[in-house]
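The structure under discussion appears below in the form of structure tokens.
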Amino acid sequence: MQSQTKLSKSNHIPFLLPLLGMLAAFPPLSTDMYLPAIPHLVKLWGVDLTTINLTLVCFFLSYSPALLIYGPLSDRFGRKKPLLAGISLFIIGCLLCASAESVQTLIYARILQAVGAAGPSALGFSITKDHYSGPERHKILAMIAIIVSITPMMGPTLGSWVMMLGSWHTIFVLQAAVAIICIFGVCYMPETNTTPRYIPIKKIAGPYLSLFKNPRFLIFTLVFAIVMSPFFAFIAASADIYITGFKISEQAFGLFFGLNALSFMAGSFICMKLVMKLNDTTLFRLGFGHKIIGGLLLIILPHSYILSFTIPMCLIAFGFGLTRPLSVNLILETTNKDTGSTSSLMMFTNFIFAAIIMWFISLCGEWKMITIGFLAVSTSLIALFVLRSMVKKDKD
């Protein structure tokens, strides 16, 4: 039986899907387009990679707690107002990044950019649950993942060409331009939270306290946050591995990074096609199996050839793309109220782990590729064990 959208047909939003994709793409938009500039900034400002990586780490450390603010606000006031506020802050942060002349200034500007990016990223998932239900939501989440994967596929390539034709500052101006387009989309979008729930400001933490009492939500959120660690380790280490390690140009780096994003897109596409034919458990096993194989290859293969890193990472990215829509939907279905808070806490957990992993991988020196492989294998095995245990518990 085909599922129906939660809103009436009169409230159908023809441009909602591409808008949701753009909103969910704010984190990769903020990071991936900027990656080719990292080796350049190391030389320009005379600092080490660990210091420059603070522009990534501090972004996610600021982004994560900001997520917790937007969720309850959107449950209380509706989705549109917090969305517009977040995108506006993001634009200001982008322009400050574009004018930065030191690593310290860039870090502070990235913090403001992160606080703004948290709004569209968290509330995009909330709007998805407002508007879609059942298997249809599975498909929409997979389609959003496909749209989002275009950003890391095109971002580094676009960033490298911008650097070749102009300056790294222009990268952040382009990010601001994309955000302005999103503002127009949100302005024309009807409010999807048609029954806002009044929550006094002093009780705004209440929904989070309820979620902390929900063991199913906590288990799935923690497990799927851990599962993302090899993906974020790759984002933080990829420029150093490809440009510094394999001695390729920024433009070639964009192409290799794009292959990884293309693999993620392929995994999401396969998920969208198979979600109506196979059960979630089978799809999870298929996705995590690809990640385990890719991780083992990273550990075993010699690292003297560029393809010995690229091919295993593509397998890992494919597995991640296949499982990501399923994991998001599984978490959202653990509760039937306070969708904004649920989405925010889920994203908060993901990106706290992201910040830790991005800092950790920058300390791994020549062991970065093996570390990513170990993370891919170990986290996938943990996820498979937990899923099996939860399925067995549900049957009992």
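Note on naming: chains are A, B, ... as they come in the structure tokens, residues start from 1 per chain, ligands start from 1 in the order shown.
Counting only C-alpha atoms, segment 361-375 of chain A has the following residues at most 9 Å away, ignoring those fewer than 6 positions along the same chain: Leu49, Thr50, Asn53, Ile226, Val227, Ser229, Pro230, Phe231, Ala233, Phe234, Ala236, Ala237, Ile241, Gly245, Lys291, Ile292, Gly294, Gly295, Leu296, Leu297, Leu298, Ile299, Ile300, His303, Phe309, Pro312, Met313 and Ile316 of chain A.
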List the spatial neighbours of Val103 of chain A as a PyMOL selection string - criterion: any atom at most 8 Å away, only C-alpha atoms, same-chain residues fewer than 6 positions off excluded. chain A and resi 45+52+55
For the selection just defined, write its residues with C-alpha atoms to a file, as an mmCIF file, in the first residue's frame.
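Printed below is out27.cif as written:
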```
data_model
loop_
_atom_site.group_PDB
_atom_site.id
_atom_site.type_symbol
_atom_site.label_atom_id
_atom_site.label_comp_id
_atom_site.auth_asym_id
_atom_site.auth_seq_id
_atom_site.Cartn_x
_atom_site.Cartn_y
_atom_site.Cartn_z
ATOM 1 C CA TRP A 45 50.200 31.482 7.445
ATOM 2 C CA ILE A 52 44.590 24.680 10.390
ATOM 3 C CA THR A 55 38.972 25.542 11.498
#
```
Using only C-alpha atoms, determine which residues lie at most 9 Å from Gly119 of chain A, disregarding the query and same-chain residues fewer than 2 positions distant; provide the list as a PyMOL selection string. chain A and resi 23+66-67+69-71+82-87+115-117+121-124+344
Between atom CA of Ser88 of chain A and atom CA of Ile140 of chain A, what is the distance, to one decimal in Å?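 Computing the Euclidean distance for atom CA of Ser88 of chain A and atom CA of Ile140 of chain A yields 26.4 Å.
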What's the separation between atom CA of Ile235 of chain A and atom CA of Val173 of chain A, in Å to one decimal place? 21.4 Å
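Ranking A:Ser304, A:Ser378, A:Ser268, A:Thr342 by their shortest atom-to-atom distance to Gly206 of chain A, with only C-alpha atoms included, puts A:Thr342 first.
The coordinates place atom CA of Leu19 of chain A at 22.5 Å from atom CA of Phe320 of chain A.
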Please return as a tab-separated table (two decimals) with N, CA and C atoms, in the first residue's frame: the residues of segment 19-205 of chain A that backbone DSSP assigns to alpha helix (DSSP H).
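out_27.tsv, freshly written:
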```
chain	number	residue	atom	x	y	z
A	19	LEU	N	14.92	21.80	-2.00
A	19	LEU	CA	15.21	22.69	-0.89
A	19	LEU	C	15.72	21.91	0.32
A	20	LEU	N	15.09	20.77	0.63
A	20	LEU	CA	15.55	19.93	1.74
A	20	LEU	C	16.97	19.45	1.50
A	21	GLY	N	17.27	19.09	0.25
A	21	GLY	CA	18.63	18.67	-0.09
A	21	GLY	C	19.63	19.78	0.16
A	22	MET	N	19.28	21.01	-0.23
A	22	MET	CA	20.18	22.15	-0.02
A	22	MET	C	20.36	22.45	1.46
A	23	LEU	N	19.28	22.35	2.23
A	23	LEU	CA	19.37	22.61	3.67
A	23	LEU	C	20.26	21.57	4.35
A	24	ALA	N	20.08	20.30	3.98
A	24	ALA	CA	20.89	19.24	4.58
A	24	ALA	C	22.34	19.34	4.14
A	26	PHE	N	24.26	21.98	4.08
A	26	PHE	CA	25.04	23.07	4.66
A	26	PHE	C	26.35	22.62	5.31
A	27	PRO	N	26.37	21.49	6.08
A	27	PRO	CA	27.67	21.06	6.63
A	27	PRO	C	28.71	20.71	5.56
A	28	PRO	N	28.38	19.84	4.55
A	28	PRO	CA	29.40	19.59	3.52
A	28	PRO	C	29.73	20.83	2.70
A	29	LEU	N	28.73	21.70	2.47
A	29	LEU	CA	29.00	22.95	1.76
A	29	LEU	C	30.04	23.78	2.52
A	30	SER	N	29.93	23.76	3.86
A	30	SER	CA	30.82	24.57	4.69
A	30	SER	C	32.22	24.00	4.81
A	31	THR	N	32.38	22.71	4.52
A	31	THR	CA	33.68	22.07	4.73
A	31	THR	C	34.35	21.61	3.44
A	37	ALA	N	41.90	24.31	0.04
A	37	ALA	CA	42.65	25.47	0.52
A	37	ALA	C	43.51	25.16	1.74
A	38	ILE	N	43.28	24.01	2.39
A	38	ILE	CA	43.97	23.72	3.65
A	38	ILE	C	45.50	23.66	3.48
A	39	PRO	N	46.05	22.87	2.54
A	39	PRO	CA	47.51	22.89	2.37
A	39	PRO	C	48.05	24.26	2.02
A	40	HIS	N	47.29	25.03	1.24
A	40	HIS	CA	47.70	26.39	0.88
A	40	HIS	C	47.78	27.29	2.11
A	41	LEU	N	46.80	27.19	3.01
A	41	LEU	CA	46.79	28.04	4.21
A	41	LEU	C	47.89	27.64	5.18
A	42	VAL	N	48.24	26.35	5.21
A	42	VAL	CA	49.37	25.91	6.04
A	42	VAL	C	50.64	26.67	5.66
A	43	LYS	N	50.88	26.80	4.35
A	43	LYS	CA	52.06	27.51	3.86
A	43	LYS	C	51.89	29.02	3.99
A	44	LEU	N	50.69	29.53	3.68
A	44	LEU	CA	50.45	30.97	3.69
A	44	LEU	C	50.66	31.58	5.06
A	45	TRP	N	50.13	30.92	6.10
A	45	TRP	CA	50.20	31.48	7.44
A	45	TRP	C	51.30	30.85	8.30
A	49	LEU	N	49.46	21.58	10.24
A	49	LEU	CA	48.16	21.05	9.83
A	49	LEU	C	47.19	20.97	11.00
A	50	THR	N	47.69	20.61	12.19
A	50	THR	CA	46.81	20.50	13.36
A	50	THR	C	46.14	21.83	13.67
A	51	THR	N	46.88	22.94	13.51
A	51	THR	CA	46.32	24.27	13.76
A	51	THR	C	45.27	24.63	12.72
A	52	ILE	N	45.56	24.39	11.45
A	52	ILE	CA	44.59	24.68	10.39
A	52	ILE	C	43.34	23.81	10.55
A	54	LEU	N	41.93	23.12	13.10
A	54	LEU	CA	41.04	23.71	14.10
A	54	LEU	C	39.89	24.45	13.45
A	55	THR	N	40.08	24.90	12.21
A	55	THR	CA	38.97	25.54	11.50
A	55	THR	C	37.87	24.54	11.18
A	56	LEU	N	38.22	23.26	11.10
A	56	LEU	CA	37.22	22.20	10.95
A	56	LEU	C	36.69	21.75	12.31
A	57	VAL	N	37.61	21.51	13.24
A	57	VAL	CA	37.22	21.00	14.56
A	57	VAL	C	36.32	22.01	15.28
A	58	CYS	N	36.71	23.28	15.29
A	58	CYS	CA	35.93	24.31	15.99
A	58	CYS	C	34.59	24.53	15.30
A	59	PHE	N	34.56	24.33	13.98
A	59	PHE	CA	33.28	24.43	13.27
A	59	PHE	C	32.29	23.43	13.86
A	60	PHE	N	32.72	22.17	13.98
A	60	PHE	CA	31.79	21.14	14.44
A	60	PHE	C	31.54	21.22	15.95
A	61	LEU	N	32.52	21.70	16.72
A	61	LEU	CA	32.30	21.89	18.16
A	61	LEU	C	31.28	22.99	18.42
A	62	SER	N	31.20	23.99	17.55
A	62	SER	CA	30.21	25.06	17.68
A	62	SER	C	28.89	24.66	17.06
A	63	TYR	N	28.98	23.98	15.94
A	63	TYR	CA	27.80	23.53	15.21
A	63	TYR	C	26.95	22.59	16.06
A	64	SER	N	27.59	21.69	16.78
A	64	SER	CA	26.87	20.65	17.52
A	64	SER	C	25.96	21.21	18.61
A	65	PRO	N	26.46	22.05	19.55
A	65	PRO	CA	25.53	22.58	20.57
A	65	PRO	C	24.48	23.52	19.98
A	66	ALA	N	24.80	24.20	18.87
A	66	ALA	CA	23.81	25.08	18.25
A	66	ALA	C	22.61	24.28	17.75
A	67	LEU	N	22.85	23.03	17.33
A	67	LEU	CA	21.75	22.17	16.89
A	67	LEU	C	20.69	22.02	17.97
A	68	LEU	N	21.13	21.97	19.22
A	68	LEU	CA	20.21	21.74	20.34
A	68	LEU	C	19.29	22.93	20.58
A	69	ILE	N	19.67	24.09	20.06
A	69	ILE	CA	18.84	25.29	20.24
A	69	ILE	C	17.73	25.34	19.20
A	70	TYR	N	18.09	25.02	17.95
A	70	TYR	CA	17.12	25.16	16.86
A	70	TYR	C	15.96	24.18	16.98
A	71	GLY	N	16.21	22.96	17.46
A	71	GLY	CA	15.14	21.97	17.53
A	71	GLY	C	13.96	22.40	18.38
A	72	PRO	N	14.17	22.69	19.68
A	72	PRO	CA	13.05	23.12	20.52
A	72	PRO	C	12.40	24.41	20.03
A	73	LEU	N	13.21	25.34	19.50
A	73	LEU	CA	12.64	26.59	18.98
A	73	LEU	C	11.68	26.31	17.82
A	74	SER	N	12.05	25.34	16.97
A	74	SER	CA	11.19	25.03	15.83
A	74	SER	C	9.93	24.29	16.26
A	75	ASP	N	10.02	23.52	17.34
A	75	ASP	CA	8.82	22.87	17.87
A	75	ASP	C	7.88	23.89	18.52
A	76	ARG	N	8.45	24.98	19.01
A	76	ARG	CA	7.66	25.99	19.72
A	76	ARG	C	7.12	27.07	18.79
A	77	PHE	N	7.95	27.53	17.83
A	77	PHE	CA	7.58	28.66	16.99
A	77	PHE	C	7.33	28.30	15.52
A	80	LYS	N	9.99	27.84	10.09
A	80	LYS	CA	10.51	28.88	9.19
A	80	LYS	C	11.36	29.95	9.90
A	81	LYS	N	10.89	30.45	11.02
A	81	LYS	CA	11.61	31.54	11.68
A	81	LYS	C	13.01	31.12	12.13
A	82	PRO	N	13.18	29.99	12.83
A	82	PRO	CA	14.54	29.57	13.17
A	82	PRO	C	15.40	29.28	11.94
A	83	LEU	N	14.78	28.76	10.88
A	83	LEU	CA	15.51	28.50	9.65
A	83	LEU	C	16.08	29.79	9.07
A	84	LEU	N	15.26	30.81	8.96
A	84	LEU	CA	15.69	32.08	8.39
A	84	LEU	C	16.78	32.73	9.25
A	85	ALA	N	16.64	32.60	10.57
A	85	ALA	CA	17.66	33.15	11.47
A	85	ALA	C	18.99	32.43	11.28
A	86	GLY	N	18.94	31.10	11.19
A	86	GLY	CA	20.17	30.33	11.02
A	86	GLY	C	20.87	30.62	9.71
A	87	ILE	N	20.11	30.68	8.62
A	87	ILE	CA	20.73	30.95	7.31
A	87	ILE	C	21.34	32.34	7.28
A	88	SER	N	20.67	33.31	7.91
A	88	SER	CA	21.21	34.67	7.96
A	88	SER	C	22.54	34.71	8.70
A	89	LEU	N	22.63	34.01	9.85
A	89	LEU	CA	23.89	33.94	10.58
A	89	LEU	C	24.98	33.27	9.74
A	90	PHE	N	24.60	32.24	9.00
A	90	PHE	CA	25.55	31.54	8.14
A	90	PHE	C	26.13	32.49	7.10
A	91	ILE	N	25.31	33.32	6.50
A	91	ILE	CA	25.78	34.26	5.48
A	91	ILE	C	26.77	35.24	6.08
A	92	ILE	N	26.45	35.77	7.27
A	92	ILE	CA	27.38	36.70	7.94
A	92	ILE	C	28.71	36.00	8.22
A	93	GLY	N	28.64	34.75	8.71
A	93	GLY	CA	29.87	33.99	8.97
A	93	GLY	C	30.69	33.77	7.72
A	94	CYS	N	30.02	33.47	6.59
A	94	CYS	CA	30.73	33.28	5.32
A	94	CYS	C	31.50	34.53	4.92
A	95	LEU	N	30.86	35.68	5.04
A	95	LEU	CA	31.50	36.93	4.63
A	95	LEU	C	32.68	37.27	5.55
A	96	LEU	N	32.56	36.94	6.84
A	96	LEU	CA	33.68	37.15	7.76
A	96	LEU	C	34.83	36.20	7.43
A	97	CYS	N	34.52	34.95	7.06
A	97	CYS	CA	35.56	34.02	6.63
A	97	CYS	C	36.28	34.54	5.40
A	98	ALA	N	35.52	35.11	4.46
A	98	ALA	CA	36.10	35.62	3.22
A	98	ALA	C	37.06	36.78	3.46
A	103	VAL	N	44.77	32.86	10.82
A	103	VAL	CA	44.08	31.62	11.18
A	103	VAL	C	43.16	31.85	12.37
A	104	GLN	N	43.54	32.76	13.29
A	104	GLN	CA	42.69	33.03	14.45
A	104	GLN	C	41.36	33.64	14.02
A	105	THR	N	41.42	34.62	13.11
A	105	THR	CA	40.20	35.26	12.62
A	105	THR	C	39.33	34.26	11.89
A	106	LEU	N	39.97	33.40	11.10
A	106	LEU	CA	39.20	32.40	10.35
A	106	LEU	C	38.50	31.43	11.29
A	107	ILE	N	39.15	31.04	12.37
A	107	ILE	CA	38.53	30.13	13.35
A	107	ILE	C	37.29	30.77	13.96
A	108	TYR	N	37.40	32.05	14.36
A	108	TYR	CA	36.25	32.74	14.96
A	108	TYR	C	35.11	32.88	13.97
A	109	ALA	N	35.43	33.19	12.72
A	109	ALA	CA	34.40	33.34	11.69
A	109	ALA	C	33.75	31.99	11.39
A	110	ARG	N	34.54	30.93	11.42
A	110	ARG	CA	33.99	29.59	11.20
A	110	ARG	C	33.03	29.18	12.32
A	111	ILE	N	33.30	29.64	13.54
A	111	ILE	CA	32.40	29.35	14.66
A	111	ILE	C	31.04	29.98	14.40
A	112	LEU	N	31.02	31.24	13.96
A	112	LEU	CA	29.75	31.90	13.65
A	112	LEU	C	29.06	31.22	12.47
A	113	GLN	N	29.83	30.86	11.47
A	113	GLN	CA	29.28	30.14	10.32
A	113	GLN	C	28.63	28.83	10.77
A	114	ALA	N	29.26	28.16	11.71
A	114	ALA	CA	28.75	26.88	12.21
A	114	ALA	C	27.43	27.05	12.94
A	115	VAL	N	27.34	28.09	13.78
A	115	VAL	CA	26.10	28.34	14.53
A	115	VAL	C	24.94	28.56	13.56
A	116	GLY	N	25.22	29.25	12.45
A	116	GLY	CA	24.19	29.47	11.45
A	116	GLY	C	23.84	28.20	10.69
A	117	ALA	N	24.85	27.41	10.31
A	117	ALA	CA	24.63	26.19	9.52
A	117	ALA	C	23.82	25.15	10.28
A	118	ALA	N	23.85	25.20	11.60
A	118	ALA	CA	23.13	24.21	12.40
A	118	ALA	C	21.62	24.26	12.16
A	119	GLY	N	21.08	25.45	11.91
A	119	GLY	CA	19.65	25.60	11.71
A	119	GLY	C	19.12	24.82	10.52
A	120	PRO	N	19.59	25.13	9.30
A	120	PRO	CA	19.09	24.39	8.14
A	120	PRO	C	19.40	22.91	8.18
A	121	SER	N	20.54	22.54	8.74
A	121	SER	CA	20.91	21.13	8.78
A	121	SER	C	19.95	20.33	9.65
A	122	ALA	N	19.66	20.82	10.85
A	122	ALA	CA	18.79	20.09	11.78
A	122	ALA	C	17.34	20.13	11.34
A	123	LEU	N	16.88	21.30	10.90
A	123	LEU	CA	15.46	21.45	10.64
A	123	LEU	C	15.04	20.85	9.30
A	124	GLY	N	16.00	20.59	8.42
A	124	GLY	CA	15.68	19.90	7.18
A	124	GLY	C	15.09	18.53	7.46
A	125	PHE	N	15.68	17.79	8.41
A	125	PHE	CA	15.15	16.47	8.78
A	125	PHE	C	13.79	16.60	9.47
A	126	SER	N	13.61	17.66	10.27
A	126	SER	CA	12.32	17.86	10.94
A	126	SER	C	11.21	18.09	9.92
A	127	ILE	N	11.50	18.90	8.91
A	127	ILE	CA	10.51	19.17	7.86
A	127	ILE	C	10.19	17.89	7.10
A	128	THR	N	11.20	17.04	6.90
A	128	THR	CA	10.98	15.76	6.22
A	128	THR	C	9.98	14.90	7.00
A	129	LYS	N	10.14	14.84	8.32
A	129	LYS	CA	9.20	14.03	9.11
A	129	LYS	C	7.83	14.70	9.17
A	130	ASP	N	7.78	16.06	9.17
A	130	ASP	CA	6.49	16.75	9.13
A	130	ASP	C	5.69	16.37	7.89
A	131	HIS	N	6.37	16.27	6.77
A	131	HIS	CA	5.69	16.22	5.47
A	131	HIS	C	5.53	14.81	4.90
A	134	GLY	N	6.07	6.84	6.63
A	134	GLY	CA	6.19	5.47	6.16
A	134	GLY	C	7.32	5.24	5.18
A	135	PRO	N	7.15	4.27	4.27
A	135	PRO	CA	8.19	3.95	3.29
A	135	PRO	C	8.54	5.13	2.39
A	136	GLU	N	7.55	6.03	2.20
A	136	GLU	CA	7.82	7.22	1.38
A	136	GLU	C	8.95	8.05	1.99
A	137	ARG	N	8.96	8.11	3.35
A	137	ARG	CA	10.03	8.88	3.99
A	137	ARG	C	11.39	8.23	3.75
A	138	HIS	N	11.43	6.89	3.73
A	138	HIS	CA	12.67	6.19	3.38
A	138	HIS	C	13.20	6.69	2.04
A	139	LYS	N	12.31	6.72	1.06
A	139	LYS	CA	12.72	7.12	-0.29
A	139	LYS	C	13.15	8.57	-0.33
A	140	ILE	N	12.41	9.45	0.36
A	140	ILE	CA	12.75	10.87	0.36
A	140	ILE	C	14.11	11.10	1.03
A	141	LEU	N	14.37	10.40	2.15
A	141	LEU	CA	15.66	10.53	2.82
A	141	LEU	C	16.79	10.05	1.92
A	142	ALA	N	16.54	8.98	1.16
A	142	ALA	CA	17.55	8.50	0.22
A	142	ALA	C	17.78	9.52	-0.90
A	143	MET	N	16.70	10.13	-1.38
A	143	MET	CA	16.83	11.14	-2.44
A	143	MET	C	17.56	12.38	-1.93
A	144	ILE	N	17.28	12.75	-0.68
A	144	ILE	CA	18.01	13.88	-0.08
A	144	ILE	C	19.49	13.55	0.01
A	145	ALA	N	19.80	12.31	0.41
A	145	ALA	CA	21.21	11.89	0.51
A	145	ALA	C	21.89	11.98	-0.85
A	146	ILE	N	21.15	11.64	-1.92
A	146	ILE	CA	21.72	11.74	-3.26
A	146	ILE	C	22.02	13.20	-3.60
A	147	ILE	N	21.07	14.10	-3.28
A	147	ILE	CA	21.27	15.52	-3.55
A	147	ILE	C	22.44	16.05	-2.73
A	148	VAL	N	22.47	15.65	-1.44
A	148	VAL	CA	23.55	16.13	-0.55
A	148	VAL	C	24.92	15.67	-1.05
A	149	SER	N	24.98	14.46	-1.61
A	149	SER	CA	26.28	13.93	-2.04
A	149	SER	C	26.84	14.69	-3.24
A	150	ILE	N	26.00	15.47	-3.92
A	150	ILE	CA	26.51	16.30	-5.02
A	150	ILE	C	27.46	17.37	-4.47
A	151	THR	N	27.18	17.85	-3.25
A	151	THR	CA	28.01	18.90	-2.66
A	151	THR	C	29.45	18.45	-2.44
A	152	PRO	N	29.72	17.31	-1.75
A	152	PRO	CA	31.11	16.88	-1.64
A	152	PRO	C	31.71	16.41	-2.96
A	153	MET	N	30.86	16.03	-3.92
A	153	MET	CA	31.37	15.61	-5.22
A	153	MET	C	31.87	16.82	-6.02
A	154	MET	N	31.10	17.92	-5.94
A	154	MET	CA	31.45	19.12	-6.71
A	154	MET	C	32.26	20.13	-5.90
A	155	GLY	N	32.06	20.10	-4.54
A	155	GLY	CA	32.66	21.13	-3.69
A	155	GLY	C	34.17	21.28	-3.82
A	156	PRO	N	34.95	20.21	-3.57
A	156	PRO	CA	36.41	20.37	-3.68
A	156	PRO	C	36.87	20.75	-5.08
A	157	THR	N	36.19	20.21	-6.11
A	157	THR	CA	36.56	20.57	-7.49
A	157	THR	C	36.31	22.05	-7.73
A	158	LEU	N	35.14	22.52	-7.31
A	158	LEU	CA	34.81	23.94	-7.47
A	158	LEU	C	35.78	24.80	-6.67
A	159	GLY	N	36.06	24.37	-5.42
A	159	GLY	CA	37.00	25.13	-4.59
A	159	GLY	C	38.38	25.21	-5.20
A	160	SER	N	38.85	24.11	-5.80
A	160	SER	CA	40.19	24.10	-6.39
A	160	SER	C	40.26	25.01	-7.61
A	161	TRP	N	39.18	25.02	-8.41
A	161	TRP	CA	39.16	25.91	-9.58
A	161	TRP	C	39.06	27.37	-9.17
A	162	VAL	N	38.32	27.64	-8.11
A	162	VAL	CA	38.25	29.02	-7.59
A	162	VAL	C	39.63	29.48	-7.16
A	163	MET	N	40.38	28.59	-6.49
A	163	MET	CA	41.73	28.95	-6.06
A	163	MET	C	42.66	29.19	-7.23
A	164	MET	N	42.49	28.41	-8.30
A	164	MET	CA	43.36	28.57	-9.45
A	164	MET	C	43.05	29.87	-10.20
A	165	LEU	N	41.77	30.23	-10.28
A	165	LEU	CA	41.36	31.41	-11.04
A	165	LEU	C	41.35	32.69	-10.20
A	169	HIS	N	39.54	33.18	-0.70
A	169	HIS	CA	38.47	33.95	-0.07
A	169	HIS	C	37.15	33.81	-0.83
A	170	THR	N	37.24	33.66	-2.15
A	170	THR	CA	36.03	33.59	-2.99
A	170	THR	C	35.20	32.35	-2.67
A	171	ILE	N	35.83	31.30	-2.14
A	171	ILE	CA	35.11	30.08	-1.78
A	171	ILE	C	33.97	30.41	-0.81
A	172	PHE	N	34.25	31.25	0.17
A	172	PHE	CA	33.24	31.58	1.17
A	172	PHE	C	32.18	32.54	0.62
A	173	VAL	N	32.54	33.37	-0.34
A	173	VAL	CA	31.55	34.23	-1.00
A	173	VAL	C	30.54	33.37	-1.75
A	174	LEU	N	31.01	32.32	-2.42
A	174	LEU	CA	30.11	31.41	-3.13
A	174	LEU	C	29.18	30.68	-2.16
A	175	GLN	N	29.71	30.30	-0.99
A	175	GLN	CA	28.87	29.65	0.02
A	175	GLN	C	27.74	30.59	0.46
A	176	ALA	N	28.07	31.87	0.64
A	176	ALA	CA	27.05	32.85	1.01
A	176	ALA	C	25.99	32.98	-0.08
A	177	ALA	N	26.40	32.92	-1.34
A	177	ALA	CA	25.46	33.04	-2.46
A	177	ALA	C	24.46	31.89	-2.46
A	178	VAL	N	24.95	30.67	-2.18
A	178	VAL	CA	24.04	29.50	-2.11
A	178	VAL	C	23.05	29.68	-0.97
A	179	ALA	N	23.52	30.21	0.16
A	179	ALA	CA	22.64	30.41	1.32
A	179	ALA	C	21.55	31.44	1.01
A	180	ILE	N	21.87	32.45	0.24
A	180	ILE	CA	20.86	33.45	-0.14
A	180	ILE	C	19.75	32.82	-0.96
A	181	ILE	N	20.11	31.89	-1.86
A	181	ILE	CA	19.09	31.16	-2.64
A	181	ILE	C	18.17	30.39	-1.70
A	182	CYS	N	18.74	29.77	-0.67
A	182	CYS	CA	17.94	29.01	0.29
A	182	CYS	C	16.97	29.91	1.05
A	183	ILE	N	17.39	31.13	1.35
A	183	ILE	CA	16.49	32.06	2.05
A	183	ILE	C	15.22	32.29	1.24
A	184	PHE	N	15.38	32.50	-0.06
A	184	PHE	CA	14.20	32.70	-0.91
A	184	PHE	C	13.30	31.46	-0.89
A	185	GLY	N	13.91	30.26	-0.93
A	185	GLY	CA	13.13	29.03	-0.89
A	185	GLY	C	12.34	28.89	0.40
A	186	VAL	N	12.98	29.20	1.53
A	186	VAL	CA	12.30	29.09	2.82
A	186	VAL	C	11.17	30.12	2.93
A	187	CYS	N	11.37	31.33	2.38
A	187	CYS	CA	10.33	32.37	2.43
A	187	CYS	C	9.07	31.92	1.70
A	188	TYR	N	9.22	31.21	0.59
A	188	TYR	CA	8.08	30.77	-0.20
A	188	TYR	C	7.52	29.43	0.28
```
Need the shell around segment 381-391 of chain A: protein/DNA/RNA residues with any atom at most 10 Å away, counting only C-alpha atoms. Skip same-chain ones fewer than 4 positions apart. Format as a PyMOL selection string? chain A and resi 216+219-220+222-224+226-227+281+284-285+288-289+291-292+375-377+395-396
Could you tell me which of A:Leu35, A:Cys314, A:Met189, A:Leu17 comes closest to His290 of chain A if we count only C-alpha atoms?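 Checking each of A:Leu35, A:Cys314, A:Met189, A:Leu17 against His290 of chain A, counting only C-alpha atoms, the winner is A:Cys314.
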